[in-house]
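*Asks:* What follows is start38.cif; its format and atoms are mmCIF, C-alpha atoms.
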data_coords
#
loop_
_atom_site.group_PDB
_atom_site.id
_atom_site.type_symbol
_atom_site.label_atom_id
_atom_site.label_comp_id
_atom_site.auth_asym_id
_atom_site.auth_seq_id
_atom_site.Cartn_x
_atom_site.Cartn_y
_atom_site.Cartn_z
ATOM 1 C CA MET A 154 -4.546 -13.704 21.469
ATOM 2 C CA SER A 155 -4.498 -13.122 25.215
ATOM 3 C CA THR A 156 -4.628 -9.633 26.685
ATOM 4 C CA TYR A 157 -1.005 -9.887 27.785
ATOM 5 C CA SER A 158 0.303 -11.027 24.412
ATOM 6 C CA GLY A 159 -1.855 -8.379 22.693
ATOM 7 C CA ALA A 160 -0.291 -5.670 24.841
ATOM 8 C CA VAL A 161 3.219 -6.996 24.171
ATOM 9 C CA TYR A 162 2.418 -7.104 20.454
ATOM 10 C CA LYS A 163 1.240 -3.459 20.444
ATOM 11 C CA LEU A 164 4.228 -2.303 22.491
ATOM 12 C CA SER A 165 6.547 -4.113 20.083
ATOM 13 C CA LEU A 166 4.906 -2.420 17.103
ATOM 14 C CA ILE A 167 5.169 0.964 18.793
ATOM 15 C CA ALA A 168 8.852 0.369 19.588
ATOM 16 C CA MET A 169 9.567 -0.618 15.976
ATOM 17 C CA CYS A 170 7.742 2.483 14.733
ATOM 18 C CA VAL A 171 9.731 4.733 17.096
ATOM 19 C CA ALA A 172 12.938 3.117 15.811
ATOM 20 C CA ALA A 173 11.828 3.675 12.201
ATOM 21 C CA ILE A 174 11.086 7.361 12.844
ATOM 22 C CA THR A 175 14.431 7.759 14.603
ATOM 23 C CA LEU A 176 16.377 6.130 11.771
ATOM 24 C CA SER A 177 14.499 8.234 9.236
ATOM 25 C CA ALA A 178 15.444 11.394 11.150
ATOM 26 C CA TRP A 179 19.092 10.451 10.987
ATOM 27 C CA LEU A 180 18.886 10.153 7.186
ATOM 28 C CA ALA A 181 19.310 13.872 6.610
ATOM 29 C CA ILE A 182 20.687 16.294 4.062
ATOM 30 C CA PRO A 183 21.940 19.325 6.013
ATOM 31 C CA PHE A 184 20.149 22.600 5.370
ATOM 32 C CA PRO A 185 18.977 25.324 7.783
ATOM 33 C CA ILE A 186 15.957 23.050 8.213
ATOM 34 C CA SER A 187 17.233 19.577 7.297
ATOM 35 C CA PHE A 188 15.815 17.355 4.591
ATOM 36 C CA THR A 189 14.970 14.132 6.409
ATOM 37 C CA MET A 190 12.867 11.045 5.837
ATOM 38 C CA GLN A 191 10.765 11.629 8.984
ATOM 39 C CA THR A 192 7.612 12.529 7.084
ATOM 40 C CA PHE A 193 8.099 9.402 4.984
ATOM 41 C CA ALA A 194 8.288 7.219 8.108
ATOM 42 C CA ILE A 195 5.367 8.915 9.838
ATOM 43 C CA PHE A 196 3.154 8.739 6.757
ATOM 44 C CA LEU A 197 4.024 5.066 6.201
ATOM 45 C CA ILE A 198 3.502 4.109 9.842
ATOM 46 C CA SER A 199 0.220 6.002 9.975
ATOM 47 C CA GLY A 200 -0.949 4.331 6.795
ATOM 48 C CA CYS A 201 -0.134 0.879 8.126
ATOM 49 C CA PHE A 202 -1.214 0.988 11.746
ATOM 50 C CA SER A 203 -4.063 2.115 13.941
ATOM 51 C CA PRO A 204 -4.305 5.618 15.394
ATOM 52 C CA GLN A 205 -3.357 4.195 18.799
ATOM 53 C CA ILE A 206 -0.113 2.684 17.526
ATOM 54 C CA SER A 207 0.941 5.460 15.148
ATOM 55 C CA LEU A 208 0.100 8.320 17.500
ATOM 56 C CA SER A 209 1.764 6.547 20.442
ATOM 57 C CA ALA A 210 4.912 6.003 18.383
ATOM 58 C CA VAL A 211 5.139 9.652 17.350
ATOM 59 C CA ILE A 212 4.505 10.947 20.864
ATOM 60 C CA ILE A 213 7.060 8.562 22.379
ATOM 61 C CA TYR A 214 9.556 9.599 19.702
ATOM 62 C CA LEU A 215 9.060 13.272 20.598
ATOM 63 C CA LEU A 216 9.271 12.579 24.338
ATOM 64 C CA LEU A 217 12.489 10.599 23.903
ATOM 65 C CA GLY A 218 13.977 13.544 22.044
ATOM 66 C CA ILE A 219 12.792 16.064 24.606
ATOM 67 C CA ILE A 220 14.300 14.138 27.533
ATOM 68 C CA GLY A 221 17.689 14.091 25.831
ATOM 69 C CA ILE A 222 17.942 10.942 23.734
ATOM 70 C CA PRO A 223 19.395 12.000 20.350
ATOM 71 C CA VAL A 224 16.551 10.845 18.112
ATOM 72 C CA PHE A 225 16.040 14.063 16.130
ATOM 73 C CA SER A 226 17.791 14.939 12.878
ATOM 74 C CA GLY A 227 21.506 15.546 13.221
ATOM 75 C CA PHE A 228 21.440 13.418 16.395
ATOM 76 C CA ASN A 229 19.940 16.376 18.245
ATOM 77 C CA ALA A 230 17.979 16.070 21.450
ATOM 78 C CA GLY A 231 16.541 18.098 24.260
ATOM 79 C CA PHE A 232 13.911 20.757 24.515
ATOM 80 C CA SER A 233 16.209 23.126 22.634
ATOM 81 C CA ALA A 234 15.779 20.944 19.535
ATOM 82 C CA ILE A 235 12.022 21.483 19.744
ATOM 83 C CA LEU A 236 12.638 25.227 20.001
ATOM 84 C CA GLY A 237 14.905 25.104 16.938
ATOM 85 C CA ALA A 238 14.168 25.573 13.268
ATOM 86 C CA SER A 239 12.410 22.242 12.778
ATOM 87 C CA GLY A 240 10.300 22.515 15.937
ATOM 88 C CA GLY A 241 7.120 23.385 14.069
ATOM 89 C CA CYS A 242 7.348 20.275 11.954
ATOM 90 C CA LEU A 243 8.111 18.109 14.982
ATOM 91 C CA ILE A 244 5.053 19.459 16.786
ATOM 92 C CA ALA A 245 2.906 18.807 13.691
ATOM 93 C CA PHE A 246 3.881 15.130 13.487
ATOM 94 C CA PRO A 247 1.267 13.839 15.992
ATOM 95 C CA PHE A 248 -1.484 15.647 14.077
ATOM 96 C CA CYS A 249 -0.276 14.151 10.804
ATOM 97 C CA ALA A 250 -0.123 10.666 12.279
ATOM 98 C CA LEU A 251 -3.603 10.969 13.720
ATOM 99 C CA ILE A 252 -5.187 12.303 10.526
ATOM 100 C CA ILE A 253 -3.666 9.681 8.251
ATOM 101 C CA SER A 254 -4.285 6.740 10.577
ATOM 102 C CA LEU A 255 -7.900 7.750 11.242
ATOM 103 C CA PHE A 256 -8.876 8.081 7.604
ATOM 104 C CA ARG A 257 -6.566 5.655 5.798
ATOM 105 C CA LYS A 258 -9.117 2.818 5.565
ATOM 106 C CA HIS A 259 -11.760 5.121 4.116
ATOM 107 C CA TYR A 260 -9.557 6.695 1.492
ATOM 108 C CA PHE A 261 -7.073 4.032 0.457
ATOM 109 C CA GLU A 262 -9.338 2.426 -2.136
ATOM 110 C CA LYS A 263 -9.585 5.738 -3.973
ATOM 111 C CA LYS A 264 -5.939 6.393 -4.774
ATOM 112 C CA ILE A 265 -6.313 10.124 -5.331
ATOM 113 C CA LEU A 266 -8.145 10.583 -2.008
ATOM 114 C CA TYR A 267 -5.425 8.747 -0.102
ATOM 115 C CA ILE A 268 -2.743 10.867 -1.740
ATOM 116 C CA LEU A 269 -4.784 13.994 -0.960
ATOM 117 C CA LEU A 270 -5.002 12.842 2.663
ATOM 118 C CA MET A 271 -1.211 12.677 2.849
ATOM 119 C CA LEU A 272 -0.918 16.042 1.083
ATOM 120 C CA PHE A 273 -3.341 17.534 3.621
ATOM 121 C CA SER A 274 -1.171 16.184 6.441
ATOM 122 C CA LEU A 275 1.895 17.586 4.748
ATOM 123 C CA ALA A 276 0.168 20.969 4.514
ATOM 124 C CA ILE A 277 -0.342 20.805 8.284
ATOM 125 C CA CYS A 278 3.428 20.291 8.683
ATOM 126 C CA TYR A 279 4.077 23.267 6.439
ATOM 127 C CA ILE A 280 1.613 25.482 8.297
ATOM 128 C CA PHE A 281 3.090 24.565 11.692
ATOM 129 C CA SER A 282 6.601 25.105 10.309
ATOM 130 C CA CYS A 283 5.777 28.539 8.903
ATOM 131 C CA PHE A 284 4.078 29.744 12.069
ATOM 132 C CA TRP A 285 6.872 28.276 14.181
ATOM 133 C CA TYR A 286 9.427 30.103 12.086
ATOM 134 C CA LEU A 287 7.495 33.393 12.262
ATOM 135 C CA PHE A 288 6.559 33.422 15.930
ATOM 136 C CA ILE A 289 9.075 31.262 17.774
ATOM 137 C CA PHE A 290 12.238 30.750 15.776
ATOM 138 C CA ALA A 291 12.727 34.088 14.019
ATOM 139 C CA PRO A 292 10.408 36.726 15.498
ATOM 140 C CA SER A 293 13.127 39.347 15.851
ATOM 141 C CA ALA A 294 14.389 38.943 12.283
ATOM 142 C CA GLY A 295 11.450 40.920 10.897
ATOM 143 C CA SER A 296 10.347 37.935 8.829
ATOM 144 C CA ASN A 297 7.023 37.809 7.053
ATOM 145 C CA ILE A 298 4.890 34.954 5.752
ATOM 146 C CA LEU A 299 6.630 35.003 2.354
ATOM 147 C CA THR A 300 9.996 34.571 4.023
ATOM 148 C CA ALA A 301 8.615 31.702 6.098
ATOM 149 C CA ILE A 302 7.162 30.002 3.023
ATOM 150 C CA SER A 303 10.402 30.429 1.091
ATOM 151 C CA ILE A 304 12.383 28.837 3.937
ATOM 152 C CA CYS A 305 9.937 26.304 5.404
ATOM 153 C CA VAL A 306 7.923 25.153 2.385
ATOM 154 C CA LEU A 307 9.384 25.779 -1.057
ATOM 155 C CA PRO A 308 12.643 23.810 -0.648
ATOM 156 C CA PHE A 309 10.701 20.790 0.604
ATOM 157 C CA ILE A 310 7.793 20.506 -1.847
ATOM 158 C CA ILE A 311 9.417 18.253 -4.446
ATOM 159 C CA PRO A 312 11.166 15.913 -1.974
ATOM 160 C CA ASP A 313 7.978 15.641 0.090
ATOM 161 C CA ILE A 314 5.815 14.847 -2.939
ATOM 162 C CA LEU A 315 8.304 12.142 -3.899
ATOM 163 C CA LYS A 316 8.097 10.751 -0.344
ATOM 164 C CA ILE A 317 4.295 10.693 -0.529
ATOM 165 C CA PHE A 318 4.415 8.845 -3.835
ATOM 166 C CA LEU A 319 6.876 6.332 -2.365
ATOM 167 C CA VAL A 320 4.699 5.863 0.737
ATOM 168 C CA TYR A 321 1.698 5.206 -1.455
ATOM 169 C CA LEU A 322 3.553 2.599 -3.527
ATOM 170 C CA ILE A 323 4.826 0.800 -0.427
ATOM 171 C CA PHE A 324 1.479 0.965 1.350
ATOM 172 C CA LYS A 325 -0.255 -0.368 -1.762
ATOM 173 C CA ARG A 326 2.002 -3.450 -1.604
ATOM 174 C CA LEU A 327 1.639 -3.884 2.167
ATOM 175 C CA ASN A 328 -2.097 -3.231 2.443
ATOM 176 C CA PRO A 329 -3.281 -6.799 1.660
ATOM 177 C CA TYR A 330 -1.086 -8.111 4.479
ATOM 178 C CA LEU A 331 -2.007 -5.511 7.076
ATOM 179 C CA ASP A 332 -5.522 -6.878 7.551
ATOM 180 C CA ARG A 333 -4.009 -10.240 8.538
ATOM 181 C CA LEU A 334 -2.158 -8.764 11.512
ATOM 182 C CA PRO A 335 -3.761 -9.223 14.934
ATOM 183 C CA LYS A 336 -5.607 -6.105 16.035
#
Mind turning the file's structure into structure tokens?
*Replies:*
Amino acid sequence: MSTYSGAVYKLSLIAMCVAAITLSAWLAIPFPISFTMQTFAIFLISGCFSPQISLSAVIIYLLLGIIGIPVFSGFNAGFSAILGASGGCLIAFPFCALIISLFRKHYFEKKILYILLMLFSLAICYIFSCFWYLFIFAPSAGSNILTAISICVLPFIIPDILKIFLVYLIFKRLNPYLDRLPK
């Protein structure tokens, strides 16, 4: 594959990943902090593609939202969306993508380690969300860490574990084909 066609291939993958994250953000159940499929898309993309592709896709997704393209949940956009209730999770997404894509090859063969890798990334989302809620979103409300956990973590645990299980099942089916893709 020539350098030009390799670059076009990578850009196409990144564009498809950005579209997948965007569509997954629009699949939302309204709540103060919406239930979306974003973590599902980011975990799947990061499990399938290299750190360069998955991290680029997440960063481009965030930049598109910041500049005003309505890619966030509820068709939100702009810097105000980052400063909103789900801002902590949005900021955590690049870290999650990087962690999963860096270690996926090492841990996939051991099912429990791969699932633990995704759970670790999910914990990073929860930590960012709780601190975001405490220090940025609701500092004047007199909230404490228990309030943040009850709002930013507890409602999402079961849906997120189901998403991780679904990502694992899909990735398990896709994995034999991923090595055939041009690098």
*Asks:* Residues within 9 Å of (-0.6, 5.5, 14.5), file coordinates, counting all atoms listed in the file: what are they? Give the list as a list in words.
*Replies:* Ile167, Cys170, Ile195, Ile198, Ser199, Gly200, Cys201, Phe202, Ser203, Pro204, Gln205, Ile206, Ser207, Leu208, Ser209, Ala210, Val211, Pro247, Ala250, Leu251, Ile253, Ser254 and Leu255 of chain A
*Asks:* May I ask for the distance between atom CA of Phe273 of chain A and atom CA of Val171 of chain A, given in Å to one decimal place?
*Replies:*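 So the two atoms, atom CA of Phe273 of chain A and atom CA of Val171 of chain A, lie 22.7 Å apart.
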*Asks:* Extract, using all atoms listed in the file, all DNA, RNA and protein residues at most 7 Å from Ser282 of chain A, discarding same-chain residues fewer than 5 positions from it, and format them as a VMD selection string.
*Replies:* chain A and resid 239 241 to 242 305
*Asks:* From the set A:Tyr214, A:Leu176, A:Lys258, A:Ala234, which residue has the shortest atom-to-atom contact distance to Leu331 of chain A, counting all atoms listed in the file?
*Replies:* A:Lys258
*Asks:* Quick one: of A:Tyr321, A:Phe256, A:Tyr279, A:Phe290, who's nearest to Ser303 of chain A, counting all atoms listed in the file?
*Replies:* A:Tyr279
